[in-house]
$ cat protein_36.tsv   # TSV, C-alpha atoms
chain	number	residue	atom	x	y	z
A	1	MET	CA	-0.69	-23.62	2.98
A	2	THR	CA	1.66	-20.89	3.93
A	3	ARG	CA	0.31	-19.95	7.32
A	4	SER	CA	3.17	-19.39	9.73
A	5	ARG	CA	3.83	-22.25	12.11
A	6	ASN	CA	6.95	-20.61	13.44
A	7	PRO	CA	6.11	-18.59	16.58
A	8	THR	CA	9.05	-16.23	16.08
A	9	GLU	CA	7.95	-15.32	12.57
A	10	GLN	CA	4.36	-15.02	13.73
A	11	ALA	CA	5.33	-12.67	16.58
A	12	ILE	CA	7.29	-10.47	14.17
A	13	ILE	CA	4.59	-10.30	11.50
A	14	ASN	CA	1.83	-9.62	14.01
A	15	GLY	CA	3.84	-7.36	16.29
A	16	LEU	CA	6.08	-5.35	14.02
A	17	GLN	CA	3.91	-3.92	11.24
A	18	GLY	CA	4.71	-0.57	12.76
A	19	GLY	CA	6.38	0.89	15.80
A	20	PHE	CA	9.91	-0.38	15.10
A	21	PRO	CA	11.95	1.70	17.59
A	22	LEU	CA	14.03	4.72	16.59
A	23	THR	CA	16.80	3.90	19.02
A	24	ARG	CA	20.49	3.06	18.62
A	25	GLN	CA	19.90	-0.69	18.91
A	26	PRO	CA	16.33	-1.04	17.75
A	27	PHE	CA	16.45	-4.80	17.14
A	28	ARG	CA	17.47	-5.33	20.76
A	29	ASP	CA	14.65	-3.06	21.95
A	30	ALA	CA	12.01	-4.54	19.63
A	31	GLY	CA	13.16	-8.03	20.58
A	32	ALA	CA	12.75	-7.25	24.28
A	33	GLU	CA	9.07	-6.45	23.63
A	34	LEU	CA	8.54	-9.67	21.70
A	35	GLY	CA	10.67	-11.88	23.95
A	36	LEU	CA	13.40	-12.39	21.33
A	37	SER	CA	17.11	-11.72	21.39
A	38	GLU	CA	18.71	-9.13	19.11
A	39	GLY	CA	20.27	-11.89	16.98
A	40	GLU	CA	17.04	-13.88	16.74
A	41	ILE	CA	14.99	-10.95	15.48
A	42	ILE	CA	17.62	-9.90	12.92
A	43	ASP	CA	17.88	-13.47	11.59
A	44	ALA	CA	14.11	-13.94	11.54
A	45	ILE	CA	13.47	-10.73	9.57
A	46	GLY	CA	16.19	-11.73	7.13
A	47	GLY	CA	14.52	-15.13	6.73
A	48	LEU	CA	11.08	-13.61	6.17
A	49	LEU	CA	12.48	-11.30	3.47
A	50	GLU	CA	14.32	-14.13	1.78
A	51	ALA	CA	11.20	-16.31	1.78
A	52	GLY	CA	9.13	-13.42	0.42
A	53	ARG	CA	6.71	-13.61	3.36
A	54	ILE	CA	7.34	-9.93	3.96
A	55	SER	CA	8.03	-7.74	0.97
A	56	ARG	CA	9.99	-5.08	2.81
A	57	PHE	CA	11.38	-4.05	6.19
A	58	GLY	CA	11.98	-0.43	7.16
A	59	PRO	CA	10.26	2.95	6.94
A	60	LEU	CA	7.20	3.09	4.72
A	61	TRP	CA	7.41	6.50	3.08
A	62	ASN	CA	4.30	8.49	2.19
A	63	ALA	CA	5.08	9.52	-1.38
A	64	GLU	CA	2.46	12.27	-1.41
A	65	ARG	CA	3.78	13.92	1.74
A	66	LEU	CA	7.16	14.03	0.04
A	67	GLY	CA	5.81	15.93	-2.94
A	68	GLY	CA	5.03	12.96	-5.16
A	69	ALA	CA	1.71	11.90	-6.60
A	70	VAL	CA	-0.11	8.57	-6.66
A	71	CYS	CA	-3.14	7.97	-8.87
A	72	LEU	CA	-5.20	4.80	-9.28
A	73	CYS	CA	-6.36	4.30	-12.89
A	74	ALA	CA	-8.68	1.81	-14.54
A	75	MET	CA	-9.11	0.61	-18.12
A	76	ALA	CA	-11.63	-1.61	-19.90
A	77	VAL	CA	-9.35	-3.79	-22.01
A	78	PRO	CA	-10.76	-6.25	-24.56
A	79	PRO	CA	-9.83	-9.65	-23.01
A	80	ARG	CA	-7.83	-10.80	-26.04
A	81	ARG	CA	-5.63	-7.70	-25.77
A	82	ILE	CA	-4.97	-7.88	-22.04
A	83	ASP	CA	-1.38	-9.19	-22.19
A	84	ALA	CA	-0.35	-6.80	-24.95
A	85	VAL	CA	-1.92	-3.82	-23.16
A	86	ALA	CA	-0.32	-4.89	-19.85
A	87	ASP	CA	3.07	-4.85	-21.58
A	88	ILE	CA	2.46	-1.30	-22.84
A	89	VAL	CA	1.18	-0.03	-19.48
A	90	ASN	CA	3.87	-1.79	-17.43
A	91	ALA	CA	6.65	-0.44	-19.65
A	92	HIS	CA	6.05	2.96	-18.01
A	93	PRO	CA	8.37	3.13	-14.99
A	94	GLU	CA	5.76	5.30	-13.22
A	95	VAL	CA	3.32	2.35	-13.13
A	96	ALA	CA	3.98	0.92	-9.66
A	97	HIS	CA	1.46	-1.89	-9.58
A	98	ASN	CA	-1.03	-3.31	-11.98
A	99	TYR	CA	-3.76	-5.84	-11.23
A	100	GLU	CA	-6.15	-7.67	-13.49
A	101	ARG	CA	-9.61	-7.72	-11.91
A	102	ALA	CA	-12.85	-9.49	-12.76
A	103	HIS	CA	-14.99	-6.62	-14.11
A	104	GLU	CA	-15.56	-4.75	-17.36
A	105	LEU	CA	-12.94	-2.35	-15.99
A	106	ASN	CA	-10.44	-5.18	-15.87
A	107	MET	CA	-7.08	-3.45	-15.55
A	108	TRP	CA	-6.29	-1.41	-12.44
A	109	PHE	CA	-2.92	0.22	-12.05
A	110	VAL	CA	-1.29	2.84	-9.88
A	111	ILE	CA	0.77	5.65	-11.34
A	112	SER	CA	3.39	6.95	-8.93
A	113	ALA	CA	5.27	10.04	-10.08
A	114	GLU	CA	7.80	12.26	-8.41
A	115	LYS	CA	5.66	15.32	-9.24
A	116	PRO	CA	1.84	15.60	-9.56
A	117	ALA	CA	2.15	17.34	-12.94
A	118	LEU	CA	3.65	14.19	-14.48
A	119	VAL	CA	0.57	11.98	-13.90
A	120	ALA	CA	-1.58	13.46	-16.69
A	121	GLY	CA	1.27	12.99	-19.17
A	122	VAL	CA	1.61	9.30	-18.35
A	123	ILE	CA	-2.16	8.83	-18.73
A	124	ALA	CA	-2.14	10.61	-22.11
A	125	GLN	CA	0.75	8.46	-23.33
A	126	ILE	CA	-0.96	5.22	-22.28
A	127	GLU	CA	-4.18	6.31	-24.03
A	128	ALA	CA	-2.24	7.15	-27.20
A	129	GLU	CA	-0.25	3.90	-27.15
A	130	THR	CA	-3.24	1.62	-26.48
A	131	GLY	CA	-6.11	3.52	-28.12
A	132	LEU	CA	-8.10	2.87	-24.92
A	133	LYS	CA	-9.56	5.31	-22.43
A	134	VAL	CA	-7.94	5.55	-19.01
A	135	TYR	CA	-10.26	6.36	-16.10
A	136	PRO	CA	-8.31	8.25	-13.45
A	137	MET	CA	-9.52	7.52	-9.93
A	138	PRO	CA	-7.40	9.77	-7.73
A	139	LYS	CA	-8.29	9.58	-4.08
A	140	THR	CA	-10.18	12.60	-2.87
A	141	ARG	CA	-10.02	11.49	0.75
A	142	GLU	CA	-8.13	8.86	2.70
A	143	PHE	CA	-10.07	7.18	5.50
A	144	PHE	CA	-7.51	4.49	6.31
A	145	VAL	CA	-4.29	3.14	4.88
A	146	GLY	CA	-2.47	0.42	6.66
A	147	PHE	CA	-1.94	-3.22	7.04
A	148	ARG	CA	-3.67	-5.29	9.63
A	149	VAL	CA	-2.56	-8.69	8.53
A	150	ASP	CA	-2.88	-11.23	11.31
A	151	VAL	CA	-1.17	-14.61	10.88
B	1	MET	CA	3.56	18.40	2.58
B	2	THR	CA	6.78	17.91	4.52
B	3	MET	CA	9.63	20.22	3.56
B	4	LEU	CA	12.79	18.25	2.96
B	5	ASP	CA	16.40	19.32	2.75
B	6	GLN	CA	19.26	17.52	1.04
B	7	ILE	CA	20.10	15.47	4.13
B	8	ASP	CA	16.49	14.24	4.44
B	9	ARG	CA	16.61	13.24	0.78
B	10	ARG	CA	19.83	11.32	1.32
B	11	ILE	CA	18.22	9.52	4.27
B	12	ILE	CA	15.18	8.61	2.12
B	13	ALA	CA	17.48	7.30	-0.59
B	14	ALA	CA	19.43	5.27	1.98
B	15	THR	CA	16.27	3.56	3.28
B	16	GLN	CA	14.19	3.13	0.12
B	17	THR	CA	15.04	-0.54	-0.17
B	18	GLY	CA	14.69	-1.01	3.57
B	19	LEU	CA	16.73	-0.86	6.77
B	20	PRO	CA	19.99	-2.80	6.94
B	21	LEU	CA	19.77	-5.92	9.13
B	22	VAL	CA	22.62	-5.01	11.45
B	23	GLU	CA	22.66	-4.24	15.18
B	24	LYS	CA	22.86	-0.48	14.56
B	25	PRO	CA	20.83	0.06	11.37
B	26	TYR	CA	20.49	3.82	11.83
B	27	ALA	CA	24.26	4.19	12.18
B	28	ALA	CA	24.57	2.43	8.82
B	29	VAL	CA	21.91	4.71	7.27
B	30	ALA	CA	23.68	7.73	8.77
B	31	ARG	CA	26.99	6.72	7.20
B	32	THR	CA	25.38	6.36	3.77
B	33	ALA	CA	23.68	9.74	4.18
B	34	GLY	CA	26.84	11.43	5.48
B	35	VAL	CA	25.53	12.43	8.94
B	36	ASP	CA	26.01	11.06	12.42
B	37	GLU	CA	23.77	8.45	13.98
B	38	GLU	CA	22.08	10.81	16.40
B	39	GLU	CA	21.09	13.19	13.62
B	40	ALA	CA	19.74	10.37	11.42
B	41	ILE	CA	17.55	9.13	14.28
B	42	ALA	CA	16.33	12.66	15.09
B	43	ARG	CA	15.43	13.31	11.45
B	44	LEU	CA	13.60	9.98	11.12
B	45	GLN	CA	11.65	10.83	14.29
B	46	ARG	CA	10.64	14.17	12.78
B	47	LEU	CA	9.66	12.56	9.45
B	48	LEU	CA	7.55	9.97	11.30
B	49	ALA	CA	5.85	12.66	13.39
B	50	SER	CA	5.04	14.73	10.27
B	51	GLY	CA	3.52	11.73	8.46
B	52	ALA	CA	6.23	11.61	5.77
B	53	ILE	CA	6.92	8.13	7.13
B	54	ARG	CA	3.68	6.19	7.60
B	55	ARG	CA	5.25	3.61	9.90
B	56	ILE	CA	8.45	1.63	10.40
B	57	GLY	CA	8.30	-2.14	10.40
B	58	VAL	CA	7.61	-5.19	8.28
B	59	ILE	CA	5.40	-4.99	5.19
B	60	PRO	CA	3.68	-8.37	4.91
B	61	ASN	CA	3.27	-10.05	1.55
B	62	HIS	CA	-0.42	-11.00	1.60
B	63	TYR	CA	-0.14	-13.72	-1.00
B	64	ALA	CA	2.82	-15.46	0.59
B	65	LEU	CA	0.99	-15.41	3.93
B	66	GLY	CA	-2.01	-17.21	2.50
B	67	LEU	CA	-4.27	-14.17	2.07
B	68	THR	CA	-4.78	-14.96	-1.58
B	69	ALA	CA	-8.25	-13.45	-2.04
B	70	ASN	CA	-8.04	-9.72	-2.66
B	71	GLY	CA	-11.34	-7.94	-3.13
B	72	MET	CA	-11.62	-4.27	-3.98
B	73	SER	CA	-15.10	-3.46	-2.66
B	74	VAL	CA	-16.62	-0.36	-4.23
B	75	TRP	CA	-19.68	1.48	-2.96
B	76	ASP	CA	-22.08	4.11	-4.25
B	77	VAL	CA	-22.62	6.12	-1.09
B	78	ALA	CA	-24.83	9.22	-0.97
B	79	ASP	CA	-22.61	12.32	-0.97
B	80	ASP	CA	-24.11	13.60	2.27
B	81	ALA	CA	-23.45	10.29	4.01
B	82	ILE	CA	-19.82	9.72	3.08
B	83	ASP	CA	-18.37	12.03	5.78
B	84	GLN	CA	-19.81	9.73	8.38
B	85	ALA	CA	-19.54	6.42	6.55
B	86	GLY	CA	-15.90	6.71	5.37
B	87	PRO	CA	-14.25	6.74	8.80
B	88	ARG	CA	-16.56	3.97	10.05
B	89	ILE	CA	-15.64	1.66	7.17
B	90	GLY	CA	-11.95	2.60	7.47
B	91	ALA	CA	-12.07	1.65	11.15
B	92	LEU	CA	-13.15	-1.96	10.43
B	93	ASP	CA	-10.26	-4.21	11.36
B	94	PHE	CA	-10.37	-6.17	8.09
B	95	VAL	CA	-10.23	-3.12	5.78
B	96	THR	CA	-6.62	-2.39	4.77
B	97	HIS	CA	-7.21	0.70	2.59
B	98	CYS	CA	-10.23	2.98	2.42
B	99	TYR	CA	-10.58	5.96	0.10
B	100	GLU	CA	-13.12	8.29	-1.43
B	101	ARG	CA	-12.65	8.54	-5.21
B	102	PRO	CA	-14.53	10.33	-7.99
B	103	ARG	CA	-17.42	8.65	-9.83
B	104	HIS	CA	-17.31	8.29	-13.63
B	105	LEU	CA	-21.04	8.48	-14.40
B	106	PRO	CA	-22.94	6.75	-15.82
B	107	PHE	CA	-20.33	4.04	-16.25
B	108	TRP	CA	-18.89	3.96	-12.73
B	109	PRO	CA	-21.16	5.13	-9.89
B	110	TYR	CA	-18.90	4.08	-7.00
B	111	ASN	CA	-17.26	6.71	-4.78
B	112	LEU	CA	-16.04	4.71	-1.75
B	113	PHE	CA	-13.33	2.04	-2.09
B	114	ALA	CA	-12.48	-0.42	0.69
B	115	MET	CA	-9.84	-3.11	0.16
B	116	VAL	CA	-10.59	-6.42	1.84
B	117	HIS	CA	-8.18	-9.37	2.00
B	118	GLY	CA	-8.96	-12.94	3.03
B	119	ARG	CA	-7.97	-16.57	2.72
B	120	SER	CA	-10.85	-17.24	0.32
B	121	ARG	CA	-13.37	-15.31	-1.75
B	122	ALA	CA	-16.08	-16.52	0.61
B	123	GLU	CA	-14.26	-14.95	3.56
B	124	VAL	CA	-13.96	-11.68	1.63
B	125	GLN	CA	-17.69	-11.82	0.72
B	126	ASP	CA	-18.60	-12.28	4.40
B	127	LYS	CA	-16.61	-9.18	5.29
B	128	VAL	CA	-18.18	-7.25	2.42
B	129	ALA	CA	-21.61	-8.19	3.76
B	130	ARG	CA	-20.64	-6.58	7.06
B	131	ILE	CA	-19.73	-3.36	5.25
B	132	ALA	CA	-23.09	-3.46	3.43
B	133	GLU	CA	-24.87	-3.84	6.74
B	134	LEU	CA	-23.00	-0.92	8.22
B	135	LEU	CA	-23.74	1.36	5.27
B	136	GLY	CA	-27.42	0.44	5.21
B	137	ALA	CA	-29.66	2.71	3.20
B	138	SER	CA	-26.93	5.30	2.54
B	139	CYS	CA	-25.50	2.85	-0.04
B	140	ARG	CA	-27.27	2.64	-3.41
B	141	GLY	CA	-25.20	-0.17	-4.86
B	142	HIS	CA	-21.90	-1.97	-4.58
B	143	ASP	CA	-19.60	-4.43	-6.30
B	144	VAL	CA	-16.51	-6.45	-5.39
B	145	LEU	CA	-13.67	-6.67	-7.91
B	146	PHE	CA	-11.45	-9.66	-7.17
B	147	SER	CA	-7.94	-9.58	-8.51
B	148	THR	CA	-7.32	-12.39	-10.96
B	149	ARG	CA	-3.65	-11.66	-11.71
B	150	ILE	CA	-0.84	-9.40	-10.54
B	151	LEU	CA	0.46	-7.81	-13.74
B	152	LYS	CA	3.13	-5.67	-12.04
B	153	LYS	CA	4.24	-4.84	-8.52
B	154	THR	CA	7.07	-2.48	-7.66
B	155	GLY	CA	7.57	0.33	-5.18
B	156	LEU	CA	6.40	3.91	-5.35
B	157	ARG	CA	8.70	6.51	-6.86
B	158	ILE	CA	10.02	9.01	-4.40
B	159	ALA	CA	12.22	11.90	-5.39
B	160	ALA	CA	15.52	11.61	-3.58
$ encode --input "protein_36.tsv" --output "structure tokens"
Amino acid sequence: MTRSRNPTEQAIINGLQGGFPLTRQPFRDAGAELGLSEGEIIDAIGGLLEAGRISRFGPLWNAERLGGAVCLCAMAVPPRRIDAVADIVNAHPEVAHNYERAHELNMWFVISAEKPALVAGVIAQIEAETGLKVYPMPKTREFFVGFRVDV
Amino acid sequence: MTMLDQIDRRIIAATQTGLPLVEKPYAAVARTAGVDEEEAIARLQRLLASGAIRRIGVIPNHYALGLTANGMSVWDVADDAIDQAGPRIGALDFVTHCYERPRHLPFWPYNLFAMVHGRSRAEVQDKVARIAELLGASCRGHDVLFSTRILKKTGLRIAA
């Protein structure tokens, strides 16, 4: 069980998924809201990062607003080839994450490129290298993106 | 799209791995980017207001926090119903991402994706049942794809 039993960590994870202040001493100001001192909040965030309970702290950039492109893709990989195909797909630095899922379309990965025009090239390369079809599933509309993790 | 100049790009580069854990983190970012603290804060405020920054804070690691069940629920929603259904599903407090995506017929009929996390598959299935109830007759079919393995996880690539 990894549920937080530490109230400081819990307050930070629940209270600081957004809204970190843009002020000169933001840890002091965020701490005041959560009832923590500047030193306590800095140490606690450092501890959460070190333990891997948070994967990142800071601004979450929207790659698409900055001119980049993100495209979800799926493949139906024969189960015996899944590790070999994962190695080929993951070798592309543009592949940001890749999940195996329980379905005929069993490999789901996200291509993140600095320019939209680069996405089709990565897909074509992966198809050529694996001999498998890639199904691009670019989002046509975003209804919500965020994290609402409550610990 | 947000128009960026060289200073913005230097600020992005200086924060891509996160904010420094020091009393004045923006002063440290400003030094790396070669501007003063006030300007770095003003630019970050502008980038947040324009949506180039989604939010500033902690990004939880679901798995390490015990949310080990990750279900990608996918829905075949009638085209004329998705305008109304999408925002309603996205507004559910347990949905972390919600998108419309193209179908690949006849193989893949699903056009609405809603990511649902939970402590167990049963908890995810309960939440999926609530989505099904909300969609009602506008949904012609659905599936839930649970992740069985993380094959790769890194950050997005941002030109800096």
$ closest_residue --input "protein_36.tsv" --among "A:Val70, A:Val145, A:Met137, A:Leu118" --to "Arg55 in chain B" --atoms "only C-alpha atoms"
A:Val145
$ interface_residues --input "protein_36.tsv" --of "chain B" --to "chain A" --cutoff "6 Å" --atoms "all atoms listed in the file" --output "MDAnalysis selection string"
chainID B and resid 1:2 18:19 21 23:24 52:61 64:66 86:87 90 96:101 145:159
$ atom_distance --input "protein_36.tsv" --atom1 "CA of Phe94 in chain B" --atom2 "CA of Ser73 in chain B"
12.1 Å
$ atom_distance --input "protein_36.tsv" --atom1 "CA of Met75 in chain A" --atom2 "CA of Leu132 in chain A"
7.2 Å
$ atom_distance --input "protein_36.tsv" --atom1 "CA of Asp76 in chain B" --atom2 "CA of Asn111 in chain B"
5.5 Å
$ decode --input "protein_36.tsv" --residues "range 60-123 of chain B" --atoms "C-alpha atoms" --output "PDB file, in the first residue's frame"
ATOM      1  CA  PRO B  60       1.261  12.933  -9.294  1.00  0.00           C
ATOM      2  CA  ASN B  61       2.565   9.511 -10.238  1.00  0.00           C
ATOM      3  CA  HIS B  62      -0.635   7.442 -10.268  1.00  0.00           C
ATOM      4  CA  TYR B  63       1.079   4.110  -9.805  1.00  0.00           C
ATOM      5  CA  ALA B  64       3.220   5.188  -6.880  1.00  0.00           C
ATOM      6  CA  LEU B  65       0.118   6.633  -5.197  1.00  0.00           C
ATOM      7  CA  GLY B  66      -1.715   3.329  -5.380  1.00  0.00           C
ATOM      8  CA  LEU B  67      -3.894   4.132  -8.405  1.00  0.00           C
ATOM      9  CA  THR B  68      -2.654   1.065 -10.212  1.00  0.00           C
ATOM     10  CA  ALA B  69      -5.731   0.361 -12.354  1.00  0.00           C
ATOM     11  CA  ASN B  70      -5.704   2.474 -15.500  1.00  0.00           C
ATOM     12  CA  GLY B  71      -8.656   2.005 -17.816  1.00  0.00           C
ATOM     13  CA  MET B  72      -8.964   3.736 -21.160  1.00  0.00           C
ATOM     14  CA  SER B  73     -12.735   3.713 -21.671  1.00  0.00           C
ATOM     15  CA  VAL B  74     -13.771   4.121 -25.299  1.00  0.00           C
ATOM     16  CA  TRP B  75     -17.269   4.907 -26.523  1.00  0.00           C
ATOM     17  CA  ASP B  76     -19.152   4.831 -29.807  1.00  0.00           C
ATOM     18  CA  VAL B  77     -21.250   7.955 -29.441  1.00  0.00           C
ATOM     19  CA  ALA B  78     -23.637   9.161 -32.153  1.00  0.00           C
ATOM     20  CA  ASP B  79     -22.026  12.072 -34.011  1.00  0.00           C
ATOM     21  CA  ASP B  80     -24.927  14.389 -33.254  1.00  0.00           C
ATOM     22  CA  ALA B  81     -24.709  13.617 -29.531  1.00  0.00           C
ATOM     23  CA  ILE B  82     -21.002  14.108 -28.935  1.00  0.00           C
ATOM     24  CA  ASP B  83     -21.160  17.927 -28.662  1.00  0.00           C
ATOM     25  CA  GLN B  84     -23.320  17.529 -25.610  1.00  0.00           C
ATOM     26  CA  ALA B  85     -21.885  14.297 -24.227  1.00  0.00           C
ATOM     27  CA  GLY B  86     -18.161  15.193 -24.418  1.00  0.00           C
ATOM     28  CA  PRO B  87     -18.191  18.078 -21.940  1.00  0.00           C
ATOM     29  CA  ARG B  88     -20.474  16.156 -19.563  1.00  0.00           C
ATOM     30  CA  ILE B  89     -18.122  13.165 -19.448  1.00  0.00           C
ATOM     31  CA  GLY B  90     -15.076  15.451 -19.186  1.00  0.00           C
ATOM     32  CA  ALA B  91     -16.683  17.151 -16.190  1.00  0.00           C
ATOM     33  CA  LEU B  92     -16.903  13.905 -14.163  1.00  0.00           C
ATOM     34  CA  ASP B  93     -14.472  14.192 -11.283  1.00  0.00           C
ATOM     35  CA  PHE B  94     -12.913  10.773 -11.898  1.00  0.00           C
ATOM     36  CA  VAL B  95     -12.129  11.326 -15.604  1.00  0.00           C
ATOM     37  CA  THR B  96      -8.562  12.606 -16.030  1.00  0.00           C
ATOM     38  CA  HIS B  97      -8.487  12.980 -19.828  1.00  0.00           C
ATOM     39  CA  CYS B  98     -11.377  13.137 -22.282  1.00  0.00           C
ATOM     40  CA  TYR B  99     -11.024  13.447 -26.049  1.00  0.00           C
ATOM     41  CA  GLU B 100     -12.890  12.968 -29.290  1.00  0.00           C
ATOM     42  CA  ARG B 101     -10.842  10.883 -31.746  1.00  0.00           C
ATOM     43  CA  PRO B 102     -11.514   9.505 -35.229  1.00  0.00           C
ATOM     44  CA  ARG B 103     -13.087   6.064 -35.737  1.00  0.00           C
ATOM     45  CA  HIS B 104     -11.283   3.431 -37.831  1.00  0.00           C
ATOM     46  CA  LEU B 105     -14.290   1.558 -39.240  1.00  0.00           C
ATOM     47  CA  PRO B 106     -15.162  -1.248 -39.232  1.00  0.00           C
ATOM     48  CA  PHE B 107     -12.324  -2.235 -36.924  1.00  0.00           C
ATOM     49  CA  TRP B 108     -12.577   0.557 -34.354  1.00  0.00           C
ATOM     50  CA  PRO B 109     -15.981   2.234 -33.916  1.00  0.00           C
ATOM     51  CA  TYR B 110     -15.108   4.320 -30.845  1.00  0.00           C
ATOM     52  CA  ASN B 111     -14.925   8.115 -31.073  1.00  0.00           C
ATOM     53  CA  LEU B 112     -14.932   9.249 -27.425  1.00  0.00           C
ATOM     54  CA  PHE B 113     -12.054   8.384 -25.059  1.00  0.00           C
ATOM     55  CA  ALA B 114     -12.222   8.908 -21.291  1.00  0.00           C
ATOM     56  CA  MET B 115      -9.320   7.878 -19.058  1.00  0.00           C
ATOM     57  CA  VAL B 116     -10.336   6.502 -15.681  1.00  0.00           C
ATOM     58  CA  HIS B 117      -7.912   5.648 -12.858  1.00  0.00           C
ATOM     59  CA  GLY B 118      -8.639   3.671  -9.704  1.00  0.00           C
ATOM     60  CA  ARG B 119      -7.196   1.496  -6.970  1.00  0.00           C
ATOM     61  CA  SER B 120      -8.635  -1.636  -8.579  1.00  0.00           C
ATOM     62  CA  ARG B 121     -10.199  -2.724 -11.855  1.00  0.00           C
ATOM     63  CA  ALA B 122     -13.513  -3.082 -10.033  1.00  0.00           C
ATOM     64  CA  GLU B 123     -13.367   0.571  -8.980  1.00  0.00           C
TER      65      GLU B 123
END
